[in-house]
$ cat query02.json   # JSON, C-alpha atoms
[["chain", "number", "residue", "atom", "x", "y", "z"],
["A", 1, "MET", "CA", -28.92, 17.07, 11.67],
["A", 2, "LYS", "CA", -25.51, 18.40, 12.66],
["A", 3, "GLU", "CA", -25.29, 15.78, 15.39],
["A", 4, "TRP", "CA", -25.92, 12.98, 12.86],
["A", 5, "ILE", "CA", -23.15, 14.34, 10.63],
["A", 6, "ARG", "CA", -20.79, 14.54, 13.62],
["A", 7, "LEU", "CA", -21.73, 11.00, 14.61],
["A", 8, "ILE", "CA", -21.00, 9.73, 11.10],
["A", 9, "ASN", "CA", -17.66, 11.54, 11.01],
["A", 10, "ASP", "CA", -16.76, 9.97, 14.37],
["A", 11, "GLN", "CA", -17.28, 6.49, 12.92],
["A", 12, "PRO", "CA", -14.22, 5.49, 10.88],
["A", 13, "LEU", "CA", -15.89, 2.09, 10.60],
["A", 14, "LEU", "CA", -18.15, 3.64, 7.99],
["A", 15, "ASN", "CA", -15.12, 4.03, 5.72],
["A", 16, "VAL", "CA", -14.55, 0.28, 5.91],
["A", 17, "LEU", "CA", -18.26, -0.28, 5.33],
["A", 18, "ALA", "CA", -18.08, 1.93, 2.23],
["A", 19, "LEU", "CA", -15.17, -0.20, 0.94],
["A", 20, "ILE", "CA", -17.24, -3.32, 1.53],
["A", 21, "CYS", "CA", -20.16, -1.82, -0.41],
["A", 22, "LEU", "CA", -17.83, -0.93, -3.30],
["A", 23, "ALA", "CA", -16.40, -4.45, -3.25],
["A", 24, "MET", "CA", -19.93, -5.87, -3.30],
["A", 25, "LEU", "CA", -20.83, -3.73, -6.29],
["A", 26, "LEU", "CA", -17.65, -4.80, -8.09],
["A", 27, "ASP", "CA", -18.43, -8.43, -7.20],
["A", 28, "LEU", "CA", -21.90, -8.13, -8.70],
["A", 29, "LEU", "CA", -20.55, -6.51, -11.88],
["A", 30, "THR", "CA", -17.72, -9.01, -12.34],
["A", 31, "GLY", "CA", -20.15, -11.86, -11.63],
["A", 32, "LEU", "CA", -22.46, -10.53, -14.32],
["A", 33, "VAL", "CA", -19.61, -10.27, -16.83],
["A", 34, "ALA", "CA", -18.33, -13.75, -15.92],
["A", 35, "ALA", "CA", -21.81, -15.23, -16.32],
["A", 36, "LYS", "CA", -22.19, -13.52, -19.69],
["A", 37, "ILE", "CA", -18.81, -14.86, -20.88],
["A", 38, "THR", "CA", -19.48, -18.41, -19.68],
["A", 39, "LYS", "CA", -23.05, -18.25, -21.01],
["A", 40, "THR", "CA", -24.54, -19.07, -17.59],
["A", 41, "LEU", "CA", -26.45, -15.81, -17.18],
["A", 42, "ALA", "CA", -29.67, -16.44, -15.24],
["A", 43, "SER", "CA", -31.95, -13.86, -13.67],
["A", 44, "LYS", "CA", -32.80, -16.11, -10.71],
["A", 45, "ILE", "CA", -29.14, -16.40, -9.73],
["A", 46, "GLY", "CA", -28.61, -12.66, -10.21],
["A", 47, "ILE", "CA", -31.59, -11.70, -8.08],
["A", 48, "ASN", "CA", -30.52, -14.18, -5.41],
["A", 49, "GLY", "CA", -27.06, -12.58, -5.38],
["A", 50, "ILE", "CA", -28.47, -9.07, -5.09],
["A", 51, "LEU", "CA", -30.75, -10.10, -2.22],
["A", 52, "ARG", "CA", -27.84, -11.75, -0.39],
["A", 53, "LYS", "CA", -25.76, -8.58, -0.79],
["A", 54, "LEU", "CA", -28.60, -6.41, 0.54],
["A", 55, "ALA", "CA", -29.09, -8.72, 3.52],
["A", 56, "SER", "CA", -25.36, -8.60, 4.20],
["A", 57, "VAL", "CA", -25.32, -4.79, 4.17],
["A", 58, "LEU", "CA", -28.27, -4.70, 6.57],
["A", 59, "LEU", "CA", -26.47, -7.11, 8.89],
["A", 60, "LEU", "CA", -23.29, -5.03, 8.75],
["A", 61, "LEU", "CA", -25.28, -1.87, 9.52],
["A", 62, "PHE", "CA", -27.06, -3.60, 12.39],
["A", 63, "PHE", "CA", -23.77, -4.23, 14.19],
["A", 64, "LEU", "CA", -22.72, -0.54, 14.15],
["A", 65, "PRO", "CA", -24.83, 0.48, 17.16],
["A", 66, "VAL", "CA", -24.37, -2.91, 18.81],
["A", 67, "ALA", "CA", -20.59, -2.39, 18.85],
["A", 68, "ARG", "CA", -21.02, 0.76, 20.94],
["A", 69, "LEU", "CA", -22.74, -1.28, 23.67],
["A", 70, "ILE", "CA", -19.65, -3.39, 24.32],
["A", 71, "PRO", "CA", -17.38, -1.64, 26.84],
["A", 72, "LEU", "CA", -13.74, -0.57, 26.50],
["A", 73, "GLN", "CA", -13.88, -0.13, 22.70],
["A", 74, "ALA", "CA", -13.84, -3.93, 22.39],
["A", 75, "GLY", "CA", -16.97, -3.71, 20.26],
["A", 76, "ASN", "CA", -15.24, -1.48, 17.71],
["A", 77, "VAL", "CA", -12.23, -3.81, 17.58],
["A", 78, "LEU", "CA", -14.47, -6.82, 17.02],
["A", 79, "LEU", "CA", -16.47, -4.94, 14.40],
["A", 80, "TYR", "CA", -13.28, -3.95, 12.57],
["A", 81, "ALA", "CA", -12.21, -7.60, 12.52],
["A", 82, "PHE", "CA", -15.65, -8.65, 11.26],
["A", 83, "TYR", "CA", -15.72, -5.94, 8.59],
["A", 84, "LEU", "CA", -12.18, -6.65, 7.37],
["A", 85, "SER", "CA", -12.85, -10.40, 7.15],
["A", 86, "PHE", "CA", -16.01, -9.62, 5.19],
["A", 87, "LEU", "CA", -13.99, -7.38, 2.86],
["A", 88, "VAL", "CA", -11.43, -10.15, 2.28],
["A", 89, "MET", "CA", -14.30, -12.56, 1.50],
["A", 90, "GLU", "CA", -15.66, -10.12, -1.10],
["A", 91, "ILE", "CA", -12.21, -9.77, -2.66],
["A", 92, "HIS", "CA", -11.98, -13.57, -2.90],
["A", 93, "SER", "CA", -15.31, -13.61, -4.70],
["A", 94, "ILE", "CA", -14.16, -10.93, -7.13],
["A", 95, "LEU", "CA", -11.01, -12.92, -7.88],
["A", 96, "GLU", "CA", -13.11, -16.04, -8.52],
["A", 97, "ASN", "CA", -15.16, -14.06, -11.04],
["A", 98, "TYR", "CA", -11.96, -12.89, -12.74],
["A", 99, "GLU", "CA", -10.81, -16.52, -13.00],
["A", 100, "LYS", "CA", -14.12, -17.44, -14.64],
["A", 101, "MET", "CA", -13.41, -14.69, -17.18],
["A", 102, "GLY", "CA", -10.00, -16.21, -17.90],
["A", 103, "ILE", "CA", -7.91, -13.60, -16.06],
["A", 104, "LYS", "CA", -5.04, -15.02, -13.99],
["A", 105, "THR", "CA", -5.23, -14.10, -10.31],
["A", 106, "LYS", "CA", -2.46, -16.25, -8.86],
["A", 107, "LEU", "CA", -0.47, -13.25, -7.57],
["A", 108, "PHE", "CA", -3.46, -11.74, -5.80],
["A", 109, "LYS", "CA", -4.50, -15.05, -4.26],
["A", 110, "LYS", "CA", -0.98, -15.55, -2.95],
["A", 111, "PHE", "CA", -1.19, -12.13, -1.29],
["A", 112, "LEU", "CA", -4.63, -12.86, 0.21],
["A", 113, "ARG", "CA", -3.44, -16.15, 1.71],
["A", 114, "HIS", "CA", -1.52, -14.06, 4.25],
["A", 115, "PHE", "CA", -4.87, -12.82, 5.61],
["A", 116, "ASP", "CA", -6.26, -16.35, 5.87],
["A", 117, "GLU", "CA", -3.57, -17.42, 8.31]]
$ encode --input "query02.json" --output "C-alpha coordinates"
Amino acid sequence: MKEWIRLINDQPLLNVLALICLAMLLDLLTGLVAAKITKTLASKIGINGILRKLASVLLLLFFLPVARLIPLQAGNVLLYAFYLSFLVMEIHSILENYEKMGIKTKLFKKFLRHFDE
(Lines of atoms letter the chains of each structure in order from A and count residues from 1; the text may use other names and numbers.)
(Lines give C-alpha, C1' and ligand atoms only; values in the text may rest on other atoms or scores of the structure.)
Protein backbone atom coordinates (compact mmCIF):
# COMPACT_ATOMS: atom_id res chain seq x y z
CA MET A 1 0.00 0.00 0.00
CA LYS A 2 2.82 2.40 0.83
CA GLU A 3 4.34 1.78 -2.58
CA TRP A 4 1.06 2.74 -4.30
CA ILE A 5 0.94 5.98 -2.30
CA ARG A 6 4.56 6.73 -3.21
CA LEU A 7 3.82 5.97 -6.86
CA ILE A 8 0.85 8.35 -6.82
CA ASN A 9 2.91 11.09 -5.15
CA ASP A 10 5.59 10.64 -7.82
CA GLN A 11 3.04 11.32 -10.56
CA PRO A 12 2.45 15.08 -10.84
CA LEU A 13 0.36 14.22 -13.90
CA LEU A 14 -2.34 13.14 -11.48
CA ASN A 15 -2.70 16.77 -10.38
CA VAL A 16 -3.47 17.75 -13.96
CA LEU A 17 -5.85 14.79 -14.21
CA ALA A 18 -7.62 15.99 -11.06
CA LEU A 19 -8.02 19.44 -12.65
CA ILE A 20 -9.49 17.82 -15.74
CA CYS A 21 -11.97 15.87 -13.60
CA LEU A 22 -12.99 19.06 -11.79
CA ALA A 23 -13.42 20.83 -15.13
CA MET A 24 -15.55 17.93 -16.38
CA LEU A 25 -17.75 18.13 -13.31
CA LEU A 26 -18.11 21.90 -13.74
CA ASP A 27 -18.89 21.35 -17.43
CA LEU A 28 -21.65 18.89 -16.57
CA LEU A 29 -23.13 21.24 -13.96
CA THR A 30 -22.99 24.33 -16.18
CA GLY A 31 -24.45 22.29 -19.06
CA LEU A 32 -27.31 21.22 -16.83
CA VAL A 33 -27.99 24.81 -15.75
CA ALA A 34 -27.75 26.05 -19.35
CA ALA A 35 -30.17 23.37 -20.53
CA LYS A 36 -32.58 24.26 -17.74
CA ILE A 37 -32.44 27.97 -18.64
CA THR A 38 -32.88 27.38 -22.37
CA LYS A 39 -35.58 24.77 -21.69
CA THR A 40 -33.71 22.07 -23.63
CA LEU A 41 -33.21 19.73 -20.68
CA ALA A 42 -33.30 16.10 -21.90
CA SER A 43 -32.24 13.01 -19.99
CA LYS A 44 -30.90 11.30 -23.13
CA ILE A 45 -28.49 14.15 -23.81
CA GLY A 46 -27.44 14.28 -20.15
CA ILE A 47 -26.76 10.56 -19.94
CA ASN A 48 -24.85 10.70 -23.22
CA GLY A 49 -22.71 13.52 -21.80
CA ILE A 50 -22.00 11.62 -18.59
CA LEU A 51 -21.02 8.49 -20.52
CA ARG A 52 -18.68 10.51 -22.76
CA LYS A 53 -17.04 12.06 -19.69
CA LEU A 54 -16.56 8.64 -18.07
CA ALA A 55 -15.06 7.23 -21.27
CA SER A 56 -12.73 10.22 -21.47
CA VAL A 57 -11.52 9.71 -17.90
CA LEU A 58 -10.88 6.03 -18.60
CA LEU A 59 -8.90 6.96 -21.70
CA LEU A 60 -6.87 9.53 -19.76
CA LEU A 61 -6.14 6.97 -17.05
CA PHE A 62 -5.15 4.38 -19.64
CA PHE A 63 -2.34 6.60 -20.92
CA LEU A 64 -0.71 7.01 -17.48
CA PRO A 65 1.13 3.66 -17.53
CA VAL A 66 1.62 3.84 -21.30
CA ALA A 67 3.57 7.10 -20.90
CA ARG A 68 6.10 5.33 -18.67
CA LEU A 69 6.91 2.91 -21.51
CA ILE A 70 8.21 5.67 -23.78
CA PRO A 71 11.90 6.32 -23.06
CA LEU A 72 13.65 9.54 -22.01
CA GLN A 73 10.58 11.01 -20.26
CA ALA A 74 9.13 11.75 -23.70
CA GLY A 75 5.99 9.89 -22.70
CA ASN A 76 5.40 12.21 -19.75
CA VAL A 77 5.94 15.27 -21.94
CA LEU A 78 3.47 13.98 -24.51
CA LEU A 79 0.99 13.08 -21.80
CA TYR A 80 1.27 16.57 -20.28
CA ALA A 81 0.56 18.08 -23.70
CA PHE A 82 -2.41 15.73 -24.18
CA TYR A 83 -3.79 16.45 -20.70
CA LEU A 84 -3.38 20.22 -21.01
CA SER A 85 -5.07 20.28 -24.42
CA PHE A 86 -7.91 18.23 -22.95
CA LEU A 87 -8.18 20.71 -20.07
CA VAL A 88 -8.36 23.64 -22.51
CA MET A 89 -11.10 21.80 -24.43
CA GLU A 90 -13.10 21.37 -21.22
CA ILE A 91 -12.69 25.07 -20.40
CA HIS A 92 -14.00 25.94 -23.88
CA SER A 93 -17.03 23.78 -23.23
CA ILE A 94 -17.66 25.47 -19.88
CA LEU A 95 -17.46 28.88 -21.54
CA GLU A 96 -19.95 27.77 -24.19
CA ASN A 97 -22.34 26.77 -21.42
CA TYR A 98 -21.90 30.18 -19.79
CA GLU A 99 -22.74 31.85 -23.11
CA LYS A 100 -25.92 29.77 -23.33
CA MET A 101 -26.81 31.11 -19.88
CA GLY A 102 -26.31 34.67 -21.11
CA ILE A 103 -22.99 35.33 -19.36
CA LYS A 104 -20.41 37.17 -21.47
CA THR A 105 -17.16 35.26 -21.90
CA LYS A 106 -15.36 37.39 -24.47
CA LEU A 107 -12.42 38.14 -22.15
CA PHE A 108 -11.86 34.49 -21.30
CA LYS A 109 -12.12 33.38 -24.93
CA LYS A 110 -9.57 36.00 -25.92
CA PHE A 111 -7.20 34.57 -23.30
CA LEU A 112 -7.79 30.98 -24.45
CA ARG A 113 -7.05 31.86 -28.07
CA HIS A 114 -3.39 32.13 -27.04
CA PHE A 115 -3.42 28.38 -26.30
CA ASP A 116 -4.99 27.56 -29.67
CA GLU A 117 -2.06 29.02 -31.57
$ closest_residue --input "query02.json" --among "A:Thr30, A:Thr38, A:Ser56, A:Asn76" --to "Gln11 of chain A" --atoms "only C-alpha atoms"
A:Asn76
$ closest_atom_pairs --input "query02.json" --of "segment 6-46 of chain A" --to "segment 77-99 of chain A" --cutoff "10 Å" --atoms "all atoms listed in the file" --output "Markdown table"
| residue | atom | partner | partner_atom | distance |
| --- | --- | --- | --- | --- |
| A:Pro12 | CA | A:Tyr80 | CA | 9.6 |
| A:Leu13 | CA | A:Tyr80 | CA | 6.9 |
| A:Leu14 | CA | A:Tyr83 | CA | 9.9 |
| A:Val16 | CA | A:Tyr83 | CA | 6.9 |
| A:Leu17 | CA | A:Tyr83 | CA | 7.0 |
| A:Leu19 | CA | A:Leu87 | CA | 7.5 |
| A:Ile20 | CA | A:Leu87 | CA | 5.4 |
| A:Cys21 | CA | A:Leu87 | CA | 8.9 |
| A:Leu22 | CA | A:Glu90 | CA | 9.7 |
| A:Ala23 | CA | A:Glu90 | CA | 6.1 |
| A:Met24 | CA | A:Glu90 | CA | 6.4 |
| A:Leu25 | CA | A:Glu90 | CA | 9.7 |
| A:Leu26 | CA | A:Ile94 | CA | 7.1 |
| A:Asp27 | CA | A:Ile94 | CA | 4.9 |
| A:Leu28 | CA | A:Ile94 | CA | 8.4 |
| A:Leu29 | CA | A:Ile94 | CA | 9.1 |
| A:Thr30 | CA | A:Asn97 | CA | 5.8 |
| A:Gly31 | CA | A:Asn97 | CA | 5.5 |
| A:Leu32 | CA | A:Asn97 | CA | 8.7 |
| A:Val33 | CA | A:Asn97 | CA | 8.2 |
| A:Ala34 | CA | A:Asn97 | CA | 5.8 |
| A:Ala35 | CA | A:Asn97 | CA | 8.6 |
$ atom_distance --input "query02.json" --atom1 "atom CA of Lys53 of chain A" --atom2 "atom CA of Phe108 of chain A"
23.1 Å
$ axis_aligned_box --input "query02.json" --around "segment 45-63 of chain A" --padding-each-side "6 Å" --output "JSON"
{"center_x": -27.4, "center_y": -9.1, "center_z": 2.0, "size_x": 20.3, "size_y": 26.5, "size_z": 36.4}
$ closest_residue --input "query02.json" --among "A:Ala67, A:Leu60, A:Ala42, A:Ala55" --to "Ala18 of chain A" --atoms "only C-alpha atoms"
A:Leu60
$ atom_distance --input "query02.json" --atom1 "atom CA of Leu58 of chain A" --atom2 "atom CA of Lys109 of chain A"
28.1 Å
$ atom_distance --input "query02.json" --atom1 "atom CA of Leu112 of chain A" --atom2 "atom CA of Asn15 of chain A"
20.6 Å
